[in-house]
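Below you'll find the structure, written out as structure tokens, and then a few comments.
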Amino acid sequence: MNENCDVAIVGGGPVGLALALALRGNDLNVVLLEAREAEINTTDPRALALAYGSRLLLQRLGAWQAIPNVSGICEIEITQKGTPGKTTLKASELKVPDMGYVLPYTALHAALQHALHQSDIRCLYGAAVSDLNTAHGCATLTYQHQGKQHQLDAHLAVVADGGKLLEAAHPPQITDYGQSGLIAHVNCSQPRAGMAFEHFTPQGPMALLPYLDGYELVLTAAHNSAQEMLNWDDAAFLAFLQKHFGDRGCDTLLAQPADCGSSCLAAPPAPEGYATPCRSGVGIFTAIGKRSCYPLRLKRAPDLTFPHTVLIGNAAQTLHPVAGQGFNLGLRDAWELAQVILDHAPDNIGTAAMCKAYRDSRRLDRNAGIRFTNGLVRLFSNDLPLLGPLRSAALSLLDHLPLAKKFVAKRMMFGANG
Ligand SMILES: Cc1cc2nc3c(=O)[nH]c(=O)nc-3n(C[C@H](O)[C@H](O)[C@H](O)COP(=O)(O)OP(=O)(O)OC[C@H]3O[C@@H](n4cnc5c(N)ncnc54)[C@H](O)[C@@H]3O)c2cc1C
């Protein structure tokens, strides 16, 4: 006879773990199945920018407190290569301590995993799910564990596997941007405490996210160029980066340090030879860590639910990292699904009505997140002659429209459901 449970979560990435945590302590039989063999952390080198709203959710899940070395973002400067237009979003204008935070994926994952181990949720590691069948009035999962095949019946299966299990049966809609994201930790001579940079170039957007003594770099480029850049020596890469980003010049004196919340580190004094800290730019790029590359695509599952089945996180939508929205959106998927499950527990978990309630609750935020991210990539990743000055003017205009700026910043921090 098959084992059974109320909710089976496929995938113990950050989104699956967050859902499991949000369901703990509610007398539900929840099982999380993770393909990785050990309970050890992943080695994924990416850093994540978390919105302020995500911090509030992670605090409620009891995971935030256990994340070491989080760097706060108190300002985000948005610019376009070769044009003067600029918008700056500031935490102080929004009356929040920070706009967001930067932290390693591995630290987030470890904190969520640690919190889950203190809970009543059952986690099976080395449990790779190979099939999901919903023909018999429940979701039946087939998985391999310790060399044996097992089956688990669940009122509801939540697919949080990053998007592989259902891909063949329900192909996602894919928009290939033809770009890869190259990531690395980078140091510079004039780091700006708590200041993040989003710089749009015809080759694709790049971001500098403040982290500890430097920045986490996310640089997008055509697949071939990104692969080539992986093989450049550090000096060649730093010279390229200087030109790509640093050409914005150091034109305005920095009268005061950025208006930071408590978590920002103080900016070190400018080194000799670079006596004047500058409002634009971060000085000279001095060192680069190990570089890694990810192909970037928009993948969107055509349906968020199937009978007794819900998709969340990257399994539901995989976004370009341009605006740092992917995990933030996935975390809100997990949180809202938990509320819908609890509203329908114990008897109506996995019913068509429950699945519809979940779809309805996520429609606005999901569509807005996808449109916002996709729109930014499309609008800024080209060098059409007329568009450059228009975009530059739009950035400057936005900087002078406090209500519009507030709208954009709030969307980034809390999503469309507010
Ligand atoms: C370069 C880059 C930068 C990014 N920056 C940001 C950012 O700044 N901010 C942000 O919010 N987002 C960012 N993202 C997106 C973010 O990383 C993802 O949205 C997030 O990791 C998705 O989490 P997830 O749990 O849905 O999926 P995943 O992290 O992919 O986890 C899926 C889990 O499922 C497990 N699994 C897979 N198949 C099975 C199976 N058959 N059975 C059991 N388990 C299985 C896997 O082992 C894994 O543990 C970035 C992405 C990239 C590529």
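The way I read the labels, and the way they are meant: chains A, B, ... in the order of the structure tokens, residue 1 as the first residue of every chain, and ligand 1 as the first ligand shown, with later ones counted on from there.
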
Protein and nucleic residues near ligand 1, 7 Å, only C-alpha atoms and all ligand atoms, as an mmCIF file with N, CA, C and O atoms, in the first residue's frame:
```cif
data_model
loop_
_atom_site.group_PDB
_atom_site.id
_atom_site.type_symbol
_atom_site.label_atom_id
_atom_site.label_comp_id
_atom_site.auth_asym_id
_atom_site.auth_seq_id
_atom_site.Cartn_x
_atom_site.Cartn_y
_atom_site.Cartn_z
ATOM 1 N N VAL A 10 7.644 18.744 -3.746
ATOM 2 C CA VAL A 10 8.731 18.195 -4.565
ATOM 3 C C VAL A 10 9.782 19.285 -4.738
ATOM 4 O O VAL A 10 9.557 20.263 -5.452
ATOM 5 N N GLY A 11 10.929 19.135 -4.085
ATOM 6 C CA GLY A 11 12.010 20.116 -4.218
ATOM 7 C C GLY A 11 12.256 20.886 -2.932
ATOM 8 O O GLY A 11 11.351 21.562 -2.433
ATOM 9 N N GLY A 12 13.461 20.751 -2.404
ATOM 10 C CA GLY A 12 13.853 21.469 -1.183
ATOM 11 C C GLY A 12 14.801 22.599 -1.504
ATOM 12 O O GLY A 12 15.807 22.800 -0.821
ATOM 13 N N GLY A 13 14.507 23.356 -2.580
ATOM 14 C CA GLY A 13 15.216 24.616 -2.834
ATOM 15 C C GLY A 13 14.629 25.667 -1.890
ATOM 16 O O GLY A 13 13.771 25.353 -1.043
ATOM 17 N N PRO A 14 15.040 26.919 -2.009
ATOM 18 C CA PRO A 14 14.553 27.921 -1.058
ATOM 19 C C PRO A 14 13.033 28.087 -1.072
ATOM 20 O O PRO A 14 12.438 28.349 -0.027
ATOM 21 N N VAL A 15 12.395 27.909 -2.223
ATOM 22 C CA VAL A 15 10.942 28.120 -2.277
ATOM 23 C C VAL A 15 10.199 26.938 -1.629
ATOM 24 O O VAL A 15 9.280 27.129 -0.823
ATOM 25 N N GLY A 16 10.613 25.714 -1.945
ATOM 26 C CA GLY A 16 9.984 24.535 -1.325
ATOM 27 C C GLY A 16 10.179 24.547 0.184
ATOM 28 O O GLY A 16 9.248 24.241 0.954
ATOM 29 N N LEU A 33 10.248 16.242 -0.382
ATOM 30 C CA LEU A 33 11.138 15.294 -1.074
ATOM 31 C C LEU A 33 12.195 16.081 -1.839
ATOM 32 O O LEU A 33 11.866 16.898 -2.701
ATOM 33 N N GLU A 34 13.459 15.869 -1.509
ATOM 34 C CA GLU A 34 14.542 16.614 -2.164
ATOM 35 C C GLU A 34 15.504 15.614 -2.814
ATOM 36 O O GLU A 34 15.959 14.671 -2.172
ATOM 37 N N ALA A 35 15.829 15.872 -4.082
ATOM 38 C CA ALA A 35 16.645 14.918 -4.841
ATOM 39 C C ALA A 35 18.088 14.840 -4.334
ATOM 40 O O ALA A 35 18.708 13.779 -4.415
ATOM 41 N N ARG A 36 18.608 15.973 -3.816
ATOM 42 C CA ARG A 36 20.015 15.934 -3.381
ATOM 43 C C ARG A 36 20.215 14.889 -2.296
ATOM 44 O O ARG A 36 19.363 14.700 -1.430
ATOM 45 N N ARG A 46 25.594 31.764 -6.611
ATOM 46 C CA ARG A 46 24.906 33.040 -6.878
ATOM 47 C C ARG A 46 24.576 33.782 -5.566
ATOM 48 O O ARG A 46 24.393 33.165 -4.512
ATOM 49 N N ALA A 47 24.538 35.086 -5.673
ATOM 50 C CA ALA A 47 24.047 35.911 -4.561
ATOM 51 C C ALA A 47 22.657 36.373 -4.945
ATOM 52 O O ALA A 47 22.348 36.518 -6.126
ATOM 53 N N LEU A 48 21.820 36.581 -3.965
ATOM 54 C CA LEU A 48 20.451 37.035 -4.244
ATOM 55 C C LEU A 48 20.216 38.413 -3.650
ATOM 56 O O LEU A 48 20.708 38.722 -2.558
ATOM 57 N N ALA A 49 19.484 39.235 -4.377
ATOM 58 C CA ALA A 49 18.990 40.488 -3.807
ATOM 59 C C ALA A 49 17.581 40.204 -3.307
ATOM 60 O O ALA A 49 16.710 39.789 -4.073
ATOM 61 N N LEU A 50 17.394 40.356 -2.007
ATOM 62 C CA LEU A 50 16.066 40.122 -1.421
ATOM 63 C C LEU A 50 15.381 41.447 -1.175
ATOM 64 O O LEU A 50 15.995 42.379 -0.648
ATOM 65 N N ALA A 127 15.741 11.851 -2.332
ATOM 66 C CA ALA A 127 14.451 11.337 -2.804
ATOM 67 C C ALA A 127 14.090 12.058 -4.106
ATOM 68 O O ALA A 127 13.518 13.147 -4.074
ATOM 69 N N ALA A 128 14.465 11.453 -5.227
ATOM 70 C CA ALA A 128 14.223 12.090 -6.533
ATOM 71 C C ALA A 128 12.888 11.619 -7.086
ATOM 72 O O ALA A 128 12.680 10.420 -7.305
ATOM 73 N N VAL A 129 11.991 12.555 -7.288
ATOM 74 C CA VAL A 129 10.663 12.204 -7.804
ATOM 75 C C VAL A 129 10.759 12.008 -9.309
ATOM 76 O O VAL A 129 11.295 12.864 -10.032
ATOM 77 N N SER A 130 10.246 10.873 -9.791
ATOM 78 C CA SER A 130 10.349 10.588 -11.229
ATOM 79 C C SER A 130 8.997 10.642 -11.928
ATOM 80 O O SER A 130 8.932 10.700 -13.157
ATOM 81 N N ALA A 160 7.960 22.232 -6.637
ATOM 82 C CA ALA A 160 8.885 23.357 -6.381
ATOM 83 C C ALA A 160 10.284 22.901 -6.774
ATOM 84 O O ALA A 160 11.258 23.142 -6.071
ATOM 85 N N ASP A 161 10.357 22.231 -7.914
ATOM 86 C CA ASP A 161 11.614 21.567 -8.316
ATOM 87 C C ASP A 161 12.439 22.420 -9.285
ATOM 88 O O ASP A 161 13.395 21.933 -9.878
ATOM 89 N N GLY A 162 12.071 23.674 -9.470
ATOM 90 C CA GLY A 162 12.798 24.517 -10.416
ATOM 91 C C GLY A 162 12.307 24.347 -11.840
ATOM 92 O O GLY A 162 12.733 25.081 -12.734
ATOM 93 N N LYS A 164 11.514 20.981 -13.713
ATOM 94 C CA LYS A 164 11.889 19.864 -14.592
ATOM 95 C C LYS A 164 10.814 18.775 -14.684
ATOM 96 O O LYS A 164 10.551 18.240 -15.756
ATOM 97 N N LEU A 165 10.189 18.439 -13.547
ATOM 98 C CA LEU A 165 9.324 17.250 -13.485
ATOM 99 C C LEU A 165 8.188 17.273 -14.505
ATOM 100 O O LEU A 165 7.910 16.272 -15.155
ATOM 101 N N GLY A 181 24.017 35.073 -17.877
ATOM 102 C CA GLY A 181 24.362 35.939 -16.750
ATOM 103 C C GLY A 181 25.675 35.473 -16.158
ATOM 104 O O GLY A 181 25.817 34.307 -15.784
ATOM 105 N N LEU A 182 26.644 36.374 -16.124
ATOM 106 C CA LEU A 182 27.944 36.037 -15.540
ATOM 107 C C LEU A 182 27.984 36.661 -14.144
ATOM 108 O O LEU A 182 27.687 37.850 -13.985
ATOM 109 N N ILE A 183 28.313 35.857 -13.150
ATOM 110 C CA ILE A 183 28.315 36.386 -11.781
ATOM 111 C C ILE A 183 29.693 36.220 -11.150
ATOM 112 O O ILE A 183 30.440 35.290 -11.493
ATOM 113 N N VAL A 218 26.386 40.976 -11.446
ATOM 114 C CA VAL A 218 25.600 40.162 -12.391
ATOM 115 C C VAL A 218 25.698 40.889 -13.732
ATOM 116 O O VAL A 218 25.189 41.995 -13.885
ATOM 117 N N TYR A 294 25.296 31.551 -16.110
ATOM 118 C CA TYR A 294 23.975 30.908 -16.187
ATOM 119 C C TYR A 294 23.265 31.354 -17.464
ATOM 120 O O TYR A 294 23.222 32.565 -17.737
ATOM 121 N N LEU A 296 20.125 32.626 -19.463
ATOM 122 C CA LEU A 296 18.965 33.364 -18.953
ATOM 123 C C LEU A 296 17.791 33.257 -19.917
ATOM 124 O O LEU A 296 17.915 33.595 -21.094
ATOM 125 N N ILE A 312 5.000 26.161 -7.938
ATOM 126 C CA ILE A 312 5.448 27.423 -7.323
ATOM 127 C C ILE A 312 6.929 27.663 -7.634
ATOM 128 O O ILE A 312 7.654 26.756 -8.058
ATOM 129 N N GLY A 313 7.373 28.897 -7.374
ATOM 130 C CA GLY A 313 8.785 29.248 -7.555
ATOM 131 C C GLY A 313 9.199 29.109 -9.013
ATOM 132 O O GLY A 313 8.409 29.367 -9.930
ATOM 133 N N ASN A 314 10.454 28.717 -9.225
ATOM 134 C CA ASN A 314 10.960 28.614 -10.595
ATOM 135 C C ASN A 314 10.204 27.587 -11.423
ATOM 136 O O ASN A 314 10.231 27.644 -12.644
ATOM 137 N N ALA A 315 9.540 26.637 -10.796
ATOM 138 C CA ALA A 315 8.726 25.681 -11.552
ATOM 139 C C ALA A 315 7.542 26.390 -12.199
ATOM 140 O O ALA A 315 7.061 25.984 -13.261
ATOM 141 N N THR A 318 10.393 31.154 -14.327
ATOM 142 C CA THR A 318 11.824 31.420 -14.159
ATOM 143 C C THR A 318 12.103 32.734 -14.869
ATOM 144 O O THR A 318 11.851 32.865 -16.064
ATOM 145 N N LEU A 319 12.603 33.722 -14.125
ATOM 146 C CA LEU A 319 12.745 35.077 -14.665
ATOM 147 C C LEU A 319 14.199 35.418 -14.945
ATOM 148 O O LEU A 319 15.113 34.872 -14.338
ATOM 149 N N PRO A 321 17.316 37.680 -14.240
ATOM 150 C CA PRO A 321 17.615 38.268 -12.915
ATOM 151 C C PRO A 321 17.734 39.788 -12.917
ATOM 152 O O PRO A 321 18.116 40.361 -11.894
ATOM 153 N N GLY A 324 16.118 41.261 -10.027
ATOM 154 C CA GLY A 324 16.227 40.482 -8.792
ATOM 155 C C GLY A 324 14.869 40.077 -8.236
ATOM 156 O O GLY A 324 14.605 40.200 -7.052
ATOM 157 N N GLN A 325 13.990 39.588 -9.115
ATOM 158 C CA GLN A 325 12.616 39.310 -8.680
ATOM 159 C C GLN A 325 12.319 37.820 -8.474
ATOM 160 O O GLN A 325 11.326 37.480 -7.845
ATOM 161 N N GLY A 326 13.154 36.916 -9.027
ATOM 162 C CA GLY A 326 12.796 35.494 -9.102
ATOM 163 C C GLY A 326 12.464 34.860 -7.769
ATOM 164 O O GLY A 326 11.359 34.350 -7.565
ATOM 165 N N PHE A 327 13.403 34.902 -6.826
ATOM 166 C CA PHE A 327 13.124 34.274 -5.534
ATOM 167 C C PHE A 327 12.074 35.070 -4.767
ATOM 168 O O PHE A 327 11.234 34.495 -4.070
ATOM 169 N N ASN A 328 12.130 36.386 -4.890
ATOM 170 C CA ASN A 328 11.143 37.212 -4.177
ATOM 171 C C ASN A 328 9.714 36.822 -4.566
ATOM 172 O O ASN A 328 8.837 36.682 -3.724
ATOM 173 N N LEU A 329 9.524 36.617 -5.869
ATOM 174 C CA LEU A 329 8.199 36.195 -6.353
ATOM 175 C C LEU A 329 7.895 34.768 -5.872
ATOM 176 O O LEU A 329 6.775 34.477 -5.427
ATOM 177 N N GLY A 330 8.896 33.889 -5.941
ATOM 178 C CA GLY A 330 8.705 32.499 -5.503
ATOM 179 C C GLY A 330 8.364 32.414 -4.022
ATOM 180 O O GLY A 330 7.550 31.588 -3.605
#
```

Every residue of region 55-294 of chain A that DSSP places in helix (DSSP H, G or I), as a PyMOL selection string:
chain A and resi 55-60+64-66+91-94+105-117+223-231+234-246

If you count only C-alpha atoms, which residues fall within 8 Å of region 221-230 of chain A, apart from same-chain ones fewer than 4 positions away, as JSON, numbers by chain?
{"A": [178, 179, 180, 181, 182, 203, 204, 237, 291, 292, 293, 295]}

Pull the strand (DSSP E or B) assignments for region 26-269 of chain A out of DSSP run on the backbone, and list those residues as an NGL selection string.
:A and (30-34 or 47-51 or 71-73 or 75-80 or 86-90 or 100-104 or 122-125 or 128-133 or 139-145 or 148-159 or 173-188 or 195-200 or 206-211 or 214-222 or 253)

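Look at Glu77 (chain A): the protein and nucleic acid residues within 6 Å of it, using only C-alpha atoms and passing over chain neighbours fewer than 3 places away, are Thr87, Thr88 and Phe197 of chain A.
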
Can those selected residues be exported to a file as a PDB file, in the first residue's frame so that it contains N, CA, C and O atoms?
```
ATOM      1  N   THR A  87      17.962  57.481 -12.359  1.00  0.00           N
ATOM      2  CA  THR A  87      16.959  57.481 -11.291  1.00  0.00           C
ATOM      3  C   THR A  87      17.573  56.844 -10.057  1.00  0.00           C
ATOM      4  O   THR A  87      18.282  55.838 -10.175  1.00  0.00           O
ATOM      5  N   THR A  88      17.305  57.405  -8.914  1.00  0.00           N
ATOM      6  CA  THR A  88      17.787  56.782  -7.676  1.00  0.00           C
ATOM      7  C   THR A  88      16.601  56.498  -6.765  1.00  0.00           C
ATOM      8  O   THR A  88      15.818  57.400  -6.453  1.00  0.00           O
ATOM      9  N   PHE A 197      23.674  49.218  -7.947  1.00  0.00           N
ATOM     10  CA  PHE A 197      23.669  49.862  -9.265  1.00  0.00           C
ATOM     11  C   PHE A 197      23.022  48.927 -10.277  1.00  0.00           C
ATOM     12  O   PHE A 197      23.354  47.739 -10.331  1.00  0.00           O
TER      13      PHE A 197
END
```

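Minimum atom-to-atom distance to Pro45 (chain A), evaluated using only C-alpha atoms, belongs to A:Gly289 out of A:Pro172, A:Gly289, A:Gly100, A:Gly72.
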
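Checking A:Lys406, A:Thr373, A:Ala416, A:Thr175 one by one against Lys95 (chain A), counting only C-alpha atoms, you find the shortest gap at A:Lys406.
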
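When only C-alpha atoms are used to compute distances to Ala323 (chain A), the closest of the residues A:Ile9, A:Val408, A:Ala393, A:Cys74 turns out to be A:Val408.
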
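Minimum atom-to-atom distances from A:Arg366, A:Asn374, A:Leu132, A:Ile76 to Glu167 (chain A) were compared using only C-alpha atoms, and the lowest value belongs to A:Leu132.
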
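Using only C-alpha atoms for every distance, the candidate list A:Arg391, A:His170, A:His400, A:His199 yields A:His170 as the residue closest to Leu311 (chain A).
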
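Counting only C-alpha atoms and comparing A:Gln65, A:Lys299, A:Leu32, A:Leu212, the residue that lies closest to His117 (chain A) is A:Leu32.
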
Would you pick out the contacts of Pro205 (chain A) at 8 Å or less, using only C-alpha atoms, so that residues sharing its chain but fewer than 6 positions from it are not included, and give the list as a list of chain:residue names?
A:Glu198, A:His199, A:Leu219, A:Thr220, A:Val322, A:Val377, A:Phe380, A:Ser381

Atoms to include: C-alpha atoms. Write the selected residues as a PDB file, in the first residue's frame.
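Output file again03.pdb follows:
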```
ATOM      1  CA  GLU A 198      21.529  48.739 -12.187  1.00  0.00           C
ATOM      2  CA  HIS A 199      23.241  49.779 -15.423  1.00  0.00           C
ATOM      3  CA  LEU A 219      26.651  40.921 -15.958  1.00  0.00           C
ATOM      4  CA  THR A 220      24.534  39.856 -18.910  1.00  0.00           C
ATOM      5  CA  VAL A 322      17.624  41.891 -14.145  1.00  0.00           C
ATOM      6  CA  VAL A 377      15.037  43.434 -20.655  1.00  0.00           C
ATOM      7  CA  PHE A 380      16.806  48.419 -22.461  1.00  0.00           C
ATOM      8  CA  SER A 381      18.724  45.608 -24.221  1.00  0.00           C
TER       9      SER A 381
END
```

Leu238 (chain A) surroundings by only C-alpha atoms, 9 Å radius, close-in-sequence under 5 positions cut, as a PDB file with C-alpha atoms, in the first residue's frame:
```pdb
ATOM      1  CA  VAL A 186      34.212  42.145  -7.351  1.00  0.00           C
ATOM      2  CA  ASP A 233      42.379  36.524 -17.190  1.00  0.00           C
ATOM      3  CA  LYS A 243      34.959  50.417 -19.470  1.00  0.00           C
ATOM      4  CA  ILE A 284      38.547  51.472  -9.988  1.00  0.00           C
ATOM      5  CA  PHE A 285      37.690  47.777 -10.087  1.00  0.00           C
ATOM      6  CA  THR A 286      40.598  46.099  -8.303  1.00  0.00           C
ATOM      7  CA  ALA A 287      39.864  42.363  -7.932  1.00  0.00           C
ATOM      8  CA  ILE A 288      37.468  39.753  -9.221  1.00  0.00           C
TER       9      ILE A 288
END
```

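Interatomic distance, CA of Arg55 (chain A) to CA of Glu93 (chain A): 18.8 Å.
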
Could you give me, as a PyMOL selection string, the residues within 10 Å of Asn26 (chain A), counting only C-alpha atoms and dropping anything in the same chain fewer than 4 positions from it?
chain A and resi 22+30+120+342+345-346
